[in-house]
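Text of coords_1.cif (mmCIF, C-alpha atoms and all ligand atoms) as supplied:
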```cif
data_entry
loop_
_atom_site.label_atom_id
_atom_site.label_comp_id
_atom_site.auth_asym_id
_atom_site.auth_seq_id
_atom_site.Cartn_x
_atom_site.Cartn_y
_atom_site.Cartn_z
CA MET A 1147 124.32 120.71 98.89
CA ASP A 1148 122.92 123.17 101.43
CA MET A 1149 123.18 121.63 104.89
CA LYS A 1150 120.38 123.78 106.31
CA VAL A 1151 116.69 122.94 105.97
CA GLU A 1152 114.65 126.13 106.13
CA ASN A 1153 111.19 124.57 106.22
CA LEU A 1154 110.35 121.18 107.65
CA GLU A 1155 106.61 121.41 107.26
CA GLN A 1156 105.80 120.24 103.73
CA HIS A 1157 107.56 116.90 103.75
CA TRP A 1158 105.26 114.26 105.31
CA LEU A 1159 107.60 111.55 106.55
CA PRO A 1160 106.59 107.88 106.26
CA PHE A 1161 106.32 105.65 109.36
CA THR A 1162 107.46 108.63 111.44
CA ASN A 1163 106.13 110.61 114.35
CA ASN A 1164 106.03 113.81 112.25
CA ARG A 1165 105.25 116.15 115.14
CA GLU A 1166 108.18 114.85 117.19
CA PHE A 1167 110.49 114.83 114.17
CA LYS A 1168 109.66 118.41 113.27
CA ARG A 1169 110.30 119.52 116.85
CA GLU A 1170 113.57 117.62 116.88
CA PRO A 1171 114.69 116.73 113.34
CA ARG A 1172 117.23 113.97 112.88
CA LEU A 1173 118.83 114.60 109.54
CA PHE A 1174 121.76 112.95 107.86
CA VAL A 1175 123.70 114.85 105.23
CA ARG A 1176 126.51 112.44 104.44
CA ALA A 1177 127.46 108.80 104.87
CA SER A 1178 130.60 106.75 104.56
CA GLY A 1179 131.31 103.09 105.39
CA MET A 1180 129.70 102.33 108.76
CA HIS A 1181 128.74 105.95 109.53
CA TYR A 1182 126.22 108.68 108.95
CA PHE A 1183 127.00 112.36 109.55
CA THR A 1184 124.57 114.99 110.81
CA PRO A 1185 124.41 118.60 109.54
CA LEU A 1186 126.57 119.61 112.53
CA GLY A 1187 129.16 117.00 111.59
CA ARG A 1188 128.29 114.51 114.35
CA LYS A 1189 129.26 110.96 113.42
CA ILE A 1190 126.55 108.33 113.92
CA LEU A 1191 127.43 104.64 113.78
CA ASP A 1192 124.94 102.77 111.59
CA GLY A 1193 123.72 99.73 113.53
CA SER A 1194 120.97 98.75 111.05
CA SER A 1195 122.68 99.11 107.65
CA GLY A 1196 120.39 102.10 107.00
CA LEU A 1197 117.11 100.17 106.76
CA PHE A 1198 118.77 96.75 106.20
CA THR A 1199 119.84 98.10 102.84
CA SER A 1200 123.50 99.08 102.91
CA ALA A 1201 125.19 95.74 103.57
CA ALA A 1202 128.44 96.73 101.81
CA GLY A 1203 128.70 100.01 103.77
CA HIS A 1204 127.68 103.47 102.65
CA CYS A 1205 128.71 105.50 99.61
CA ARG A 1206 130.64 102.82 97.80
CA PRO A 1207 132.40 104.65 94.96
CA GLU A 1208 132.04 101.67 92.59
CA ILE A 1209 128.24 101.87 92.85
CA ALA A 1210 128.13 105.65 92.49
CA ALA A 1211 130.38 105.48 89.42
CA ALA A 1212 128.29 102.73 87.81
CA VAL A 1213 125.06 104.70 88.33
CA ALA A 1214 126.61 107.95 87.06
CA GLN A 1215 127.99 106.25 83.97
CA GLN A 1216 124.66 104.57 83.28
CA LEU A 1217 122.75 107.86 83.59
CA GLU A 1218 125.15 109.53 81.18
CA THR A 1219 124.82 106.70 78.66
CA LEU A 1220 121.21 105.51 78.82
CA ASP A 1221 119.05 107.20 81.42
CA PHE A 1222 115.77 105.40 80.78
CA THR A 1223 114.33 102.68 78.60
CA PRO A 1224 110.63 102.00 78.38
CA SER A 1225 110.21 98.83 80.40
CA PHE A 1226 107.33 97.45 78.33
CA GLN A 1227 108.25 95.96 74.93
CA ARG A 1228 111.76 97.50 75.21
CA SER A 1229 114.71 96.75 77.46
CA HIS A 1230 118.46 97.22 77.87
CA PRO A 1231 121.41 94.83 78.40
CA GLY A 1232 121.83 95.63 82.10
CA ALA A 1233 118.43 94.14 82.91
CA PHE A 1234 119.41 90.76 81.44
CA ALA A 1235 122.85 90.81 83.04
CA LEU A 1236 121.25 91.53 86.39
CA ALA A 1237 118.62 88.80 86.05
CA ASP A 1238 121.50 86.36 85.36
CA ALA A 1239 123.47 87.65 88.37
CA VAL A 1240 120.45 87.34 90.68
CA ALA A 1241 119.60 83.86 89.34
CA ALA A 1242 123.19 82.80 90.08
CA LEU A 1243 122.52 83.52 93.77
CA THR A 1244 118.99 82.18 94.20
CA PRO A 1245 118.37 78.50 94.98
CA LYS A 1246 118.59 76.24 91.95
CA GLY A 1247 115.45 76.38 89.81
CA LEU A 1248 114.33 79.86 90.89
CA ASP A 1249 115.94 81.39 87.86
CA HIS A 1250 113.43 83.79 86.32
CA VAL A 1251 113.44 87.30 87.71
CA PHE A 1252 110.75 89.98 87.56
CA PHE A 1253 111.96 93.47 88.52
CA CYS A 1254 110.12 96.19 90.39
CA ASN A 1255 111.09 99.11 92.63
CA SER A 1256 110.62 98.12 96.25
CA GLY A 1257 109.92 95.29 98.61
CA SER A 1258 106.24 96.22 98.72
CA GLU A 1259 105.99 96.00 94.95
CA ALA A 1260 107.84 92.67 95.01
CA VAL A 1261 105.24 91.25 97.41
CA ASP A 1262 102.24 92.44 95.41
CA THR A 1263 103.93 91.22 92.22
CA ALA A 1264 104.46 87.79 93.78
CA MET A 1265 100.78 87.65 94.78
CA LYS A 1266 99.77 88.35 91.19
CA ILE A 1267 102.25 85.80 89.81
CA ALA A 1268 100.77 83.19 92.15
CA LEU A 1269 97.22 83.97 91.02
CA ALA A 1270 98.18 84.06 87.33
CA TYR A 1271 100.02 80.75 87.67
CA HIS A 1272 96.96 79.00 89.06
CA VAL A 1273 94.71 80.57 86.40
CA ALA A 1274 97.15 79.39 83.71
CA ARG A 1275 96.89 75.85 85.10
CA ARG A 1276 93.09 76.05 85.26
CA GLU A 1277 93.08 76.26 89.02
CA GLY A 1278 91.84 79.83 89.16
CA GLN A 1279 89.68 78.98 92.18
CA ARG A 1280 92.87 79.13 94.24
CA ASN A 1281 92.52 82.71 95.43
CA TYR A 1282 93.12 82.53 99.17
CA PHE A 1283 96.45 83.67 100.57
CA VAL A 1284 98.04 82.64 103.83
CA SER A 1285 100.55 84.67 105.82
CA ARG A 1286 101.35 84.99 109.51
CA GLU A 1287 100.56 87.01 112.55
CA ARG A 1288 103.28 89.62 113.11
CA ALA A 1289 104.31 89.43 109.44
CA TYR A 1290 105.48 92.49 107.54
CA HIS A 1291 105.10 92.33 103.77
CA GLY A 1292 105.31 95.98 102.84
CA VAL A 1293 102.59 98.56 102.51
CA ASN A 1294 100.77 98.10 99.22
CA ILE A 1295 97.22 96.85 99.53
CA GLY A 1296 98.11 93.19 98.96
CA GLY A 1297 101.10 93.30 101.31
CA THR A 1298 99.12 95.20 103.93
CA ALA A 1299 96.42 92.54 103.77
CA LEU A 1300 99.11 89.89 104.32
CA SER A 1301 100.55 91.91 107.17
CA GLY A 1302 100.09 90.63 110.69
CA ILE A 1303 100.95 93.85 112.54
CA VAL A 1304 97.84 95.57 113.85
CA ARG A 1305 99.13 99.14 113.65
CA ASN A 1306 99.88 98.65 109.96
CA ARG A 1307 96.32 97.46 109.26
CA GLU A 1308 93.86 99.10 111.58
CA ALA A 1309 93.35 102.37 109.66
CA PHE A 1310 92.78 100.62 106.35
CA GLY A 1311 89.67 98.51 106.73
CA ALA A 1312 89.10 95.08 105.29
CA LEU A 1313 91.83 95.42 102.60
CA MET A 1314 91.37 92.11 100.72
CA PRO A 1315 89.14 89.13 101.24
CA GLY A 1316 90.54 85.63 101.54
CA ILE A 1317 93.63 86.14 103.69
CA LEU A 1318 94.30 83.72 106.53
CA HIS A 1319 97.00 84.18 109.16
CA LEU A 1320 99.05 81.39 110.68
CA ARG A 1321 100.01 81.91 114.30
CA HIS A 1322 103.39 83.58 114.78
CA THR A 1323 106.25 81.56 116.22
CA LEU A 1324 107.47 83.84 119.00
CA LEU A 1325 107.09 81.41 121.89
CA PRO A 1326 108.03 82.13 125.52
CA GLU A 1327 109.73 78.70 125.63
CA ASN A 1328 112.27 79.96 123.06
CA ARG A 1329 113.10 83.16 124.97
CA MET A 1330 116.80 84.10 124.88
CA THR A 1331 117.54 81.40 122.30
CA ARG A 1332 120.43 82.00 119.98
CA GLY A 1333 119.53 80.91 116.46
CA MET A 1334 116.55 78.62 115.93
CA GLY A 1335 114.36 77.73 118.90
CA ALA A 1336 113.57 74.12 119.78
CA LYS A 1337 109.83 74.63 120.19
CA GLY A 1338 107.15 75.49 117.65
CA ALA A 1339 107.61 73.48 114.44
CA GLU A 1340 104.07 72.15 114.91
CA LEU A 1341 102.67 75.69 114.42
CA ALA A 1342 103.10 75.08 110.69
CA GLU A 1343 100.16 72.67 110.99
CA ASP A 1344 97.86 75.71 111.11
CA LEU A 1345 98.17 75.54 107.34
CA THR A 1346 96.63 72.06 107.27
CA ARG A 1347 93.73 73.44 109.31
CA PHE A 1348 93.25 76.22 106.77
CA VAL A 1349 93.15 73.67 103.95
CA SER A 1350 90.44 71.83 105.87
CA LEU A 1351 88.63 75.10 106.48
CA VAL A 1352 88.54 76.61 102.97
CA GLY A 1353 88.94 73.55 100.79
CA GLU A 1354 91.61 71.37 99.24
CA ARG A 1355 92.21 73.51 96.14
CA ARG A 1356 91.52 77.04 97.33
CA ILE A 1357 94.84 78.39 98.65
CA ALA A 1358 97.11 80.07 96.09
CA ALA A 1359 100.21 80.77 98.16
CA VAL A 1360 101.72 81.08 101.61
CA PHE A 1361 103.91 84.11 102.31
CA VAL A 1362 106.48 84.01 105.11
CA GLU A 1363 109.56 85.95 106.01
CA PRO A 1364 112.05 83.17 106.83
CA ILE A 1365 113.12 85.40 109.73
CA ALA A 1366 110.33 87.86 110.50
CA GLY A 1367 112.38 91.07 110.54
CA SER A 1368 110.37 94.23 110.92
CA THR A 1369 108.23 92.89 113.74
CA GLY A 1370 111.37 92.50 115.82
CA VAL A 1371 113.38 89.51 114.57
CA ILE A 1372 111.56 86.19 115.01
CA VAL A 1373 113.85 83.34 114.00
CA PRO A 1374 111.89 80.27 112.85
CA PRO A 1375 111.85 77.28 115.20
CA ARG A 1376 113.79 74.26 114.06
CA GLY A 1377 111.78 72.19 111.59
CA TYR A 1378 109.09 74.83 111.07
CA LEU A 1379 109.97 75.92 107.53
CA GLU A 1380 110.47 72.30 106.45
CA ARG A 1381 107.00 71.48 107.76
CA LEU A 1382 105.47 74.42 105.87
CA ARG A 1383 107.29 73.34 102.71
CA GLU A 1384 105.95 69.83 103.02
CA ILE A 1385 102.34 70.92 103.56
CA CYS A 1386 102.53 73.35 100.63
CA THR A 1387 103.89 70.65 98.33
CA ARG A 1388 101.25 68.17 99.48
CA HIS A 1389 98.41 70.59 98.66
CA GLY A 1390 99.77 72.33 95.54
CA ILE A 1391 100.19 75.64 97.39
CA LEU A 1392 103.03 77.95 96.36
CA LEU A 1393 105.50 78.84 99.11
CA VAL A 1394 106.84 82.39 98.92
CA PHE A 1395 109.79 83.49 101.04
CA ASP A 1396 109.75 87.23 101.52
CA GLU A 1397 113.48 87.84 101.77
CA VAL A 1398 113.42 91.62 101.53
CA ILE A 1399 115.51 91.74 104.73
CA CYS A 1400 117.10 88.27 104.71
CA GLY A 1401 118.19 88.32 101.06
CA PHE A 1402 121.75 89.05 100.00
CA GLY A 1403 123.77 87.62 102.83
CA ARG A 1404 122.03 88.75 106.02
CA THR A 1405 121.82 85.12 107.20
CA GLY A 1406 125.28 84.15 105.95
CA GLU A 1407 124.19 82.67 102.61
CA PRO A 1408 122.85 84.60 99.62
CA PHE A 1409 119.30 83.80 100.75
CA ALA A 1410 117.80 82.47 103.98
CA ALA A 1411 116.35 79.67 101.85
CA GLN A 1412 119.91 78.35 101.62
CA SER A 1413 120.79 79.04 105.26
CA PHE A 1414 117.74 77.08 106.40
CA GLY A 1415 117.91 74.46 103.63
CA VAL A 1416 114.31 74.99 102.51
CA THR A 1417 113.53 75.95 98.91
CA PRO A 1418 110.43 78.05 98.27
CA ASP A 1419 108.73 78.50 94.89
CA LEU A 1420 109.17 82.27 94.77
CA ILE A 1421 111.47 84.70 96.58
CA THR A 1422 110.81 88.41 96.98
CA MET A 1423 113.82 90.67 97.49
CA ALA A 1424 114.80 94.37 97.53
CA LYS A 1425 116.94 96.50 99.91
CA ALA A 1426 120.49 95.07 99.78
CA LEU A 1427 120.04 94.20 96.09
CA THR A 1428 121.39 97.69 95.29
CA ASN A 1429 123.07 98.30 98.66
CA GLY A 1430 120.25 100.84 99.10
CA ALA A 1431 121.80 103.13 96.49
CA GLN A 1432 118.82 102.90 94.12
CA PRO A 1433 115.23 101.77 94.75
CA MET A 1434 114.76 98.28 93.39
CA GLY A 1435 112.90 95.07 94.16
CA ALA A 1436 112.59 91.73 92.41
CA VAL A 1437 110.78 88.41 92.47
CA ALA A 1438 112.66 85.22 91.65
CA VAL A 1439 110.36 82.58 90.24
CA ARG A 1440 110.61 78.87 89.64
CA GLU A 1441 111.20 78.03 85.99
CA ASP A 1442 107.94 76.13 85.47
CA ILE A 1443 105.86 78.91 87.04
CA TYR A 1444 107.25 81.34 84.48
CA ARG A 1445 106.67 78.80 81.69
CA SER A 1446 103.12 78.01 82.76
CA ILE A 1447 102.12 81.68 82.64
CA VAL A 1448 103.97 82.49 79.43
CA GLU A 1449 102.97 79.38 77.52
CA ALA A 1450 99.30 79.49 78.49
CA ALA A 1451 98.91 82.93 76.92
CA PRO A 1452 98.07 83.47 73.25
CA GLU A 1453 100.81 84.79 70.97
CA GLY A 1454 100.68 88.44 69.98
CA ALA A 1455 100.04 90.03 73.37
CA PRO A 1456 101.83 90.34 76.72
CA GLU A 1457 101.50 87.14 78.72
CA PHE A 1458 101.35 88.79 82.14
CA PHE A 1459 99.53 92.09 82.48
CA HIS A 1460 101.66 93.55 85.22
CA GLY A 1461 104.76 95.75 85.44
CA TYR A 1462 106.02 99.20 86.39
CA THR A 1463 107.32 102.14 84.37
CA TYR A 1464 110.53 101.76 86.35
CA SER A 1465 110.82 97.95 86.26
CA ALA A 1466 114.53 97.20 85.69
CA HIS A 1467 115.40 100.90 85.53
CA PRO A 1468 118.88 101.22 83.98
CA ALA A 1469 120.33 103.13 86.95
CA ALA A 1470 118.94 100.59 89.44
CA CYS A 1471 120.33 97.72 87.35
CA ALA A 1472 123.73 99.43 87.26
CA ALA A 1473 123.67 99.90 91.03
CA ALA A 1474 122.64 96.28 91.60
CA LEU A 1475 125.28 94.88 89.25
CA ALA A 1476 127.98 96.94 90.98
CA THR A 1477 126.65 95.85 94.38
CA LEU A 1478 126.63 92.15 93.54
CA LYS A 1479 130.19 92.50 92.21
CA ILE A 1480 131.29 93.99 95.53
CA TYR A 1481 129.59 91.18 97.47
CA ARG A 1482 131.40 88.67 95.25
CA ASP A 1483 134.84 90.33 95.04
CA GLU A 1484 135.01 91.01 98.77
CA GLN A 1485 133.28 87.74 99.71
CA LEU A 1486 131.03 89.76 101.96
CA PHE A 1487 128.48 87.02 102.64
CA ALA A 1488 131.28 84.81 104.01
CA ARG A 1489 132.63 87.78 105.96
CA GLY A 1490 129.21 88.35 107.50
CA ARG A 1491 128.95 84.65 108.33
CA ASP A 1492 132.34 84.73 110.05
CA LEU A 1493 131.40 87.83 112.03
CA SER A 1494 128.07 86.41 113.14
CA GLY A 1495 129.41 84.46 116.14
CA TYR A 1496 131.13 87.53 117.58
CA PHE A 1497 128.10 89.70 116.86
CA LEU A 1498 125.63 87.32 118.51
CA ASP A 1499 127.95 86.90 121.55
CA LYS A 1500 127.83 90.67 122.02
CA MET A 1501 124.08 90.93 121.53
CA PHE A 1502 123.27 88.01 123.85
CA GLY A 1503 125.77 89.54 126.28
CA LEU A 1504 123.13 92.23 126.92
CA SER A 1505 120.68 89.70 128.36
CA ASP A 1506 121.88 90.38 131.93
CA LEU A 1507 120.40 93.91 131.84
CA PRO A 1508 117.23 94.00 133.99
CA ALA A 1509 115.29 95.94 131.32
CA VAL A 1510 115.99 93.36 128.60
CA ALA A 1511 113.01 91.04 128.03
CA ASP A 1512 114.45 88.95 125.21
CA VAL A 1513 117.32 88.68 122.77
CA ARG A 1514 116.93 86.88 119.44
CA GLY A 1515 119.29 86.56 116.53
CA PHE A 1516 120.68 84.71 113.54
CA GLY A 1517 123.46 85.67 111.13
CA LEU A 1518 123.98 89.42 111.32
CA LEU A 1519 120.45 90.15 112.47
CA ALA A 1520 119.43 90.51 116.11
CA GLY A 1521 116.46 91.81 118.07
CA ILE A 1522 116.87 93.23 121.58
CA GLU A 1523 113.48 93.51 123.23
CA VAL A 1524 113.15 95.78 126.23
CA LYS A 1525 110.41 95.41 128.83
CA PRO A 1526 107.52 97.73 127.98
CA GLY A 1527 107.07 101.04 129.76
CA LYS A 1528 103.69 102.71 130.39
CA ALA A 1529 102.46 101.65 126.95
CA ALA A 1530 103.87 99.18 124.43
CA GLY A 1531 106.31 100.84 122.04
CA LEU A 1532 107.13 103.90 124.14
CA ARG A 1533 110.39 102.50 125.44
CA GLY A 1534 111.45 101.35 121.98
CA ASN A 1535 110.97 104.87 120.70
CA GLU A 1536 112.80 106.29 123.69
CA LEU A 1537 115.59 103.78 123.15
CA GLN A 1538 116.22 104.76 119.55
CA ALA A 1539 116.32 108.44 120.62
CA LYS A 1540 118.77 107.68 123.46
CA LEU A 1541 120.96 105.69 121.08
CA TYR A 1542 120.90 108.43 118.48
CA ASP A 1543 122.03 110.92 121.13
CA ARG A 1544 124.90 108.59 121.98
CA GLY A 1545 125.86 108.21 118.30
CA LEU A 1546 124.13 105.01 117.17
CA HIS A 1547 121.42 104.64 114.53
CA VAL A 1548 119.16 101.62 114.97
CA LYS A 1549 115.71 100.78 113.71
CA THR A 1550 113.21 100.02 116.45
CA THR A 1551 109.78 98.40 116.13
CA GLY A 1552 107.59 98.47 119.19
CA ASP A 1553 109.96 97.74 122.06
CA VAL A 1554 112.53 95.90 119.96
CA ALA A 1555 115.78 97.33 118.65
CA ILE A 1556 116.72 95.61 115.40
CA ILE A 1557 120.46 95.39 114.97
CA ALA A 1558 121.79 94.55 111.52
CA PRO A 1559 125.29 95.87 110.90
CA ALA A 1560 126.84 96.06 107.45
CA PHE A 1561 128.97 93.05 106.51
CA ILE A 1562 132.04 95.31 106.43
CA ALA A 1563 131.69 95.99 110.19
CA SER A 1564 134.81 95.47 112.28
CA ARG A 1565 134.78 93.81 115.68
CA ALA A 1566 135.41 97.27 117.13
CA ASP A 1567 132.21 98.52 115.43
CA ILE A 1568 130.29 95.62 116.98
CA ASP A 1569 131.82 96.46 120.38
CA SER A 1570 130.70 100.10 120.01
CA ILE A 1571 127.16 99.03 119.05
CA ALA A 1572 126.99 96.74 122.11
CA GLU A 1573 128.43 99.39 124.45
CA MET A 1574 125.97 102.09 123.36
CA LEU A 1575 123.08 99.63 123.65
CA ARG A 1576 124.23 98.65 127.15
CA GLU A 1577 124.52 102.25 128.35
CA ALA A 1578 121.17 103.29 126.89
CA ILE A 1579 119.22 100.23 128.09
CA ALA A 1580 120.79 100.47 131.56
CA GLU A 1581 118.99 103.82 131.98
CA PHE A 1582 115.54 102.15 132.01
C1 LIG B 1601 109.93 91.31 104.62
C2 LIG B 1601 109.62 92.63 103.99
N1 LIG B 1601 108.81 92.70 102.93
C3 LIG B 1601 108.53 93.85 102.32
C4 LIG B 1601 109.07 95.03 102.76
C5 LIG B 1601 108.72 96.31 102.08
O1 LIG B 1601 109.81 96.83 101.42
P1 LIG B 1601 109.77 98.35 100.90
O2 LIG B 1601 109.81 99.22 102.13
O3 LIG B 1601 111.00 98.44 100.05
O4 LIG B 1601 108.52 98.53 100.11
C6 LIG B 1601 109.94 95.02 103.87
C7 LIG B 1601 110.52 96.26 104.37
O5 LIG B 1601 111.13 96.32 105.43
C8 LIG B 1601 110.21 93.79 104.51
O6 LIG B 1601 110.99 93.73 105.57
#
```

Write-out of the structure in structure tokens:
Amino acid sequence: MDMKVENLEQHWLPFTNNREFKREPRLFVRASGMHYFTPLGRKILDGSSGLFTSAAGHCRPEIAAAVAQQLETLDFTPSFQRSHPGAFALADAVAALTPKGLDHVFFCNSGSEAVDTAMKIALAYHVARREGQRNYFVSRERAYHGVNIGGTALSGIVRNREAFGALMPGILHLRHTLLPENRMTRGMGAKGAELAEDLTRFVSLVGERRIAAVFVEPIAGSTGVIVPPRGYLERLREICTRHGILLVFDEVICGFGRTGEPFAAQSFGVTPDLITMAKALTNGAQPMGAVAVREDIYRSIVEAAPEGAPEFFHGYTYSAHPAACAAALATLKIYRDEQLFARGRDLSGYFLDKMFGLSDLPAVADVRGFGLLAGIEVKPGKAAGLRGNELQAKLYDRGLHVKTTGDVAIIAPAFIASRADIDSIAEMLREAIAEF
């Protein structure tokens, strides 16, 4: 492929400062293992697994071969009223990883679609059980649930909402759990479990049978890594169960080993009713998302519907696309054969040592982390977010790709990372942050 881009103007990049990018484009033309390569052949260490996608490292030949073979054999199947064997094999493989009972899988093409799909499943479930008055949703301040209208309405990040008006009625936000008392805590903080009681207040506010579902990221990722306080998720689970509210874990970042187990639900020992997932499901090699659903939720919706018509009027042209299924099946095989979740779990201690080792830098405001996910927050400059942006540019110049949100660098190496890779990530972070 041509390495030169003649015209940068027409492509409108998402979540990007387009004017800055077009003045100073940062392009990748190749990737391998832990690295990206620029058009001039510069090697960039990937500190965020792409966008938390490429947990098995980049350009795995097994995945490329599976996708190529699939496209040569069966490139597309209509997803409504038709299907193909890969979709069923993948649903089985996903259900083998999800917590027991969450064994029905609805496929879509992204994390955002997974979230909006889960919202609709929750509503349809309550309608099927003659509790259709349950149409409030609860999420959290600082949450990120993708960018479709439902997910944006659930979102708790002001910049992601402010241009888009009222979005959806009936959304209530729990307080976030980033407490100053838990600053510089490795793993789960001691303070804050009681914040889950906001949900009880919402039940009192809107009525006993009005809330359909609560959406939380077990670890809030995109806002800058907020690990739940000890006891918090258990408390949410208990309140949801008490009031017949569905609990949805949005595991688009946490899912597939990031926390050391297949899902954060297992790492934290709390079982939700639905799990949304995407990203590392295909190692990032194909767009795909999914929602895992408790058995009786699936049955309630399917069995309440009359025969002779679809039971759930929702789905995408590309739901369970054959190439995405092939990529996901090959990815899950790699995770299994190479025991990558266990590898990530074993590496976590070393990784967190290195990340918390940066806390002595005067410009570091906080370090947070769990598993192979860490947030390094720098003290704000003239305006919030400027330093974060500057930091990712400084790191890129040094040879490290990381995702930043506001003033937080989000570090999430692939599970194949060596200790030397972790050392390099920490060194480049130290040098760049020391310049503030
Ligand atoms: C928790 C969570 N939900 C949803 C999404 C949206 O996923 P996508 O960008 O694939 O639509 C993300 C993306 O980072 C996420 O972190």

* Quick one: everything within 8 Å of range 1538-1545 of chain A, counting only C-alpha atoms, minus sequence neighbours fewer than 3 positions away in the same chain. Send it as a VMD selection string. => chain A and resid 1188 to 1191 1534 to 1535 1548 to 1550 1555 1574 to 1575 1578

* Structure fact -> In terms of only C-alpha atoms, the residue from A:Cys1471, A:Leu1519, A:Leu1507, A:Ile1385 at minimal distance from Phe1234 in chain A is A:Cys1471

* Between CA of Ala1211 in chain A and CA of Asp1567 in chain A, measure the distance and give it in Å to one decimal. =>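 So the answer is 27.0 Å.
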
* Go through A:Ser1465, A:Asn1281, A:Ser1505, A:Thr1405 one by one, measure the shortest atom-to-atom distance of each to Arg1329 in chain A using only C-alpha atoms, and give the residue with the smallest value. => A:Ser1505

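Pairwise distance (CA of Phe1414 in chain A, CA of Lys1337 in chain A) equals 16.1 Å.
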
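Our summary of the geometry notes that atom N1 of ligand LIG 1601 (chain B) is positioned 27.7 Å from CA of Gly1353 in chain A.
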
* With all atoms listed in the file as the atoms that count, which of A:Met1434, A:Ala1233, A:Val1293, A:Ala1270 lies nearest to Glu1457 in chain A? ->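 Between A:Met1434, A:Ala1233, A:Val1293, A:Ala1270, the residue approaching Glu1457 in chain A most closely is A:Ala1270.
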
* Near-ligand residues for ligand LIG 1601 (chain B), threshold 6 Å, all atoms listed in the file, as a list in words ->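 My answer, listing the contacting residues, is Ser1256, Gly1257, Ser1258, Tyr1290, His1291, Gly1292, Glu1363, Gly1367, Ser1368, Asp1396, Glu1397, Val1398 and Ile1399 of chain A.
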
Would you write out those residues with C-alpha atoms, as a PDB file, in the frame of the given file?
```pdb
ATOM      1  CA  SER A1256     110.620  98.120  96.250  1.00  0.00           C
ATOM      2  CA  GLY A1257     109.920  95.290  98.610  1.00  0.00           C
ATOM      3  CA  SER A1258     106.240  96.220  98.720  1.00  0.00           C
ATOM      4  CA  TYR A1290     105.480  92.490 107.540  1.00  0.00           C
ATOM      5  CA  HIS A1291     105.100  92.330 103.770  1.00  0.00           C
ATOM      6  CA  GLY A1292     105.310  95.980 102.840  1.00  0.00           C
ATOM      7  CA  GLU A1363     109.560  85.950 106.010  1.00  0.00           C
ATOM      8  CA  GLY A1367     112.380  91.070 110.540  1.00  0.00           C
ATOM      9  CA  SER A1368     110.370  94.230 110.920  1.00  0.00           C
ATOM     10  CA  ASP A1396     109.750  87.230 101.520  1.00  0.00           C
ATOM     11  CA  GLU A1397     113.480  87.840 101.770  1.00  0.00           C
ATOM     12  CA  VAL A1398     113.420  91.620 101.530  1.00  0.00           C
ATOM     13  CA  ILE A1399     115.510  91.740 104.730  1.00  0.00           C
TER      14      ILE A1399
END
```

* Asked: Which residues come within 6 Å of range 1194-1202 of chain A, counting all atoms listed in the file, excluding same-chain residues fewer than 6 positions away, as a list of chain:residue names?
  ->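 Result of the neighbour search: A:Lys1425, A:Ala1426, A:Asn1429, A:Gly1430, A:Val1548, A:Ile1557, A:Ala1558, A:Pro1559, A:Ala1560, A:Phe1561.
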
Writing out the chosen residues with C-alpha atoms as a PDB file, in the frame of the given file:
```pdb
ATOM      1  CA  LYS A1425     116.940  96.500  99.910  1.00  0.00           C
ATOM      2  CA  ALA A1426     120.490  95.070  99.780  1.00  0.00           C
ATOM      3  CA  ASN A1429     123.070  98.300  98.660  1.00  0.00           C
ATOM      4  CA  GLY A1430     120.250 100.840  99.100  1.00  0.00           C
ATOM      5  CA  VAL A1548     119.160 101.620 114.970  1.00  0.00           C
ATOM      6  CA  ILE A1557     120.460  95.390 114.970  1.00  0.00           C
ATOM      7  CA  ALA A1558     121.790  94.550 111.520  1.00  0.00           C
ATOM      8  CA  PRO A1559     125.290  95.870 110.900  1.00  0.00           C
ATOM      9  CA  ALA A1560     126.840  96.060 107.450  1.00  0.00           C
ATOM     10  CA  PHE A1561     128.970  93.050 106.510  1.00  0.00           C
TER      11      PHE A1561
END
```

* Name all residues at most 6 Å from range 1168-1179 of chain A (count all atoms listed in the file; drop same-chain ones fewer than 5 positions away) and give them as a ChimeraX atom specification. => /A:1184-1185,1203-1205

* To do: List every protein, DNA or RNA residue that has at least one atom no more than 10 Å from (98.5, 84.7, 91.3) in the file's coordinates, counting only C-alpha atoms, and write the result as a ChimeraX atom specification.
  => /A:1262-1274,1278,1280-1283,1358-1359,1392,1447

Nearby residues (all atoms listed in the file) at most 8 Å from range 1512-1517 of chain A, same-chain spacing under 3 positions excluded, as a CSV table (one decimal) with C-alpha atoms, in the frame of the given file:
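Printed below is out.csv as written:
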```
chain,number,residue,atom,x,y,z
A,1329,ARG,CA,113.1,83.2,125.0
A,1330,MET,CA,116.8,84.1,124.9
A,1331,THR,CA,117.5,81.4,122.3
A,1332,ARG,CA,120.4,82.0,120.0
A,1333,GLY,CA,119.5,80.9,116.5
A,1334,MET,CA,116.6,78.6,115.9
A,1371,VAL,CA,113.4,89.5,114.6
A,1372,ILE,CA,111.6,86.2,115.0
A,1373,VAL,CA,113.8,83.3,114.0
A,1404,ARG,CA,122.0,88.8,106.0
A,1405,THR,CA,121.8,85.1,107.2
A,1406,GLY,CA,125.3,84.2,106.0
A,1490,GLY,CA,129.2,88.4,107.5
A,1491,ARG,CA,129.0,84.6,108.3
A,1494,SER,CA,128.1,86.4,113.1
A,1495,GLY,CA,129.4,84.5,116.1
A,1498,LEU,CA,125.6,87.3,118.5
A,1501,MET,CA,124.1,90.9,121.5
A,1502,PHE,CA,123.3,88.0,123.8
A,1504,LEU,CA,123.1,92.2,126.9
A,1505,SER,CA,120.7,89.7,128.4
A,1520,ALA,CA,119.4,90.5,116.1
A,1521,GLY,CA,116.5,91.8,118.1
A,1522,ILE,CA,116.9,93.2,121.6
A,1523,GLU,CA,113.5,93.5,123.2
A,1524,VAL,CA,113.2,95.8,126.2
```
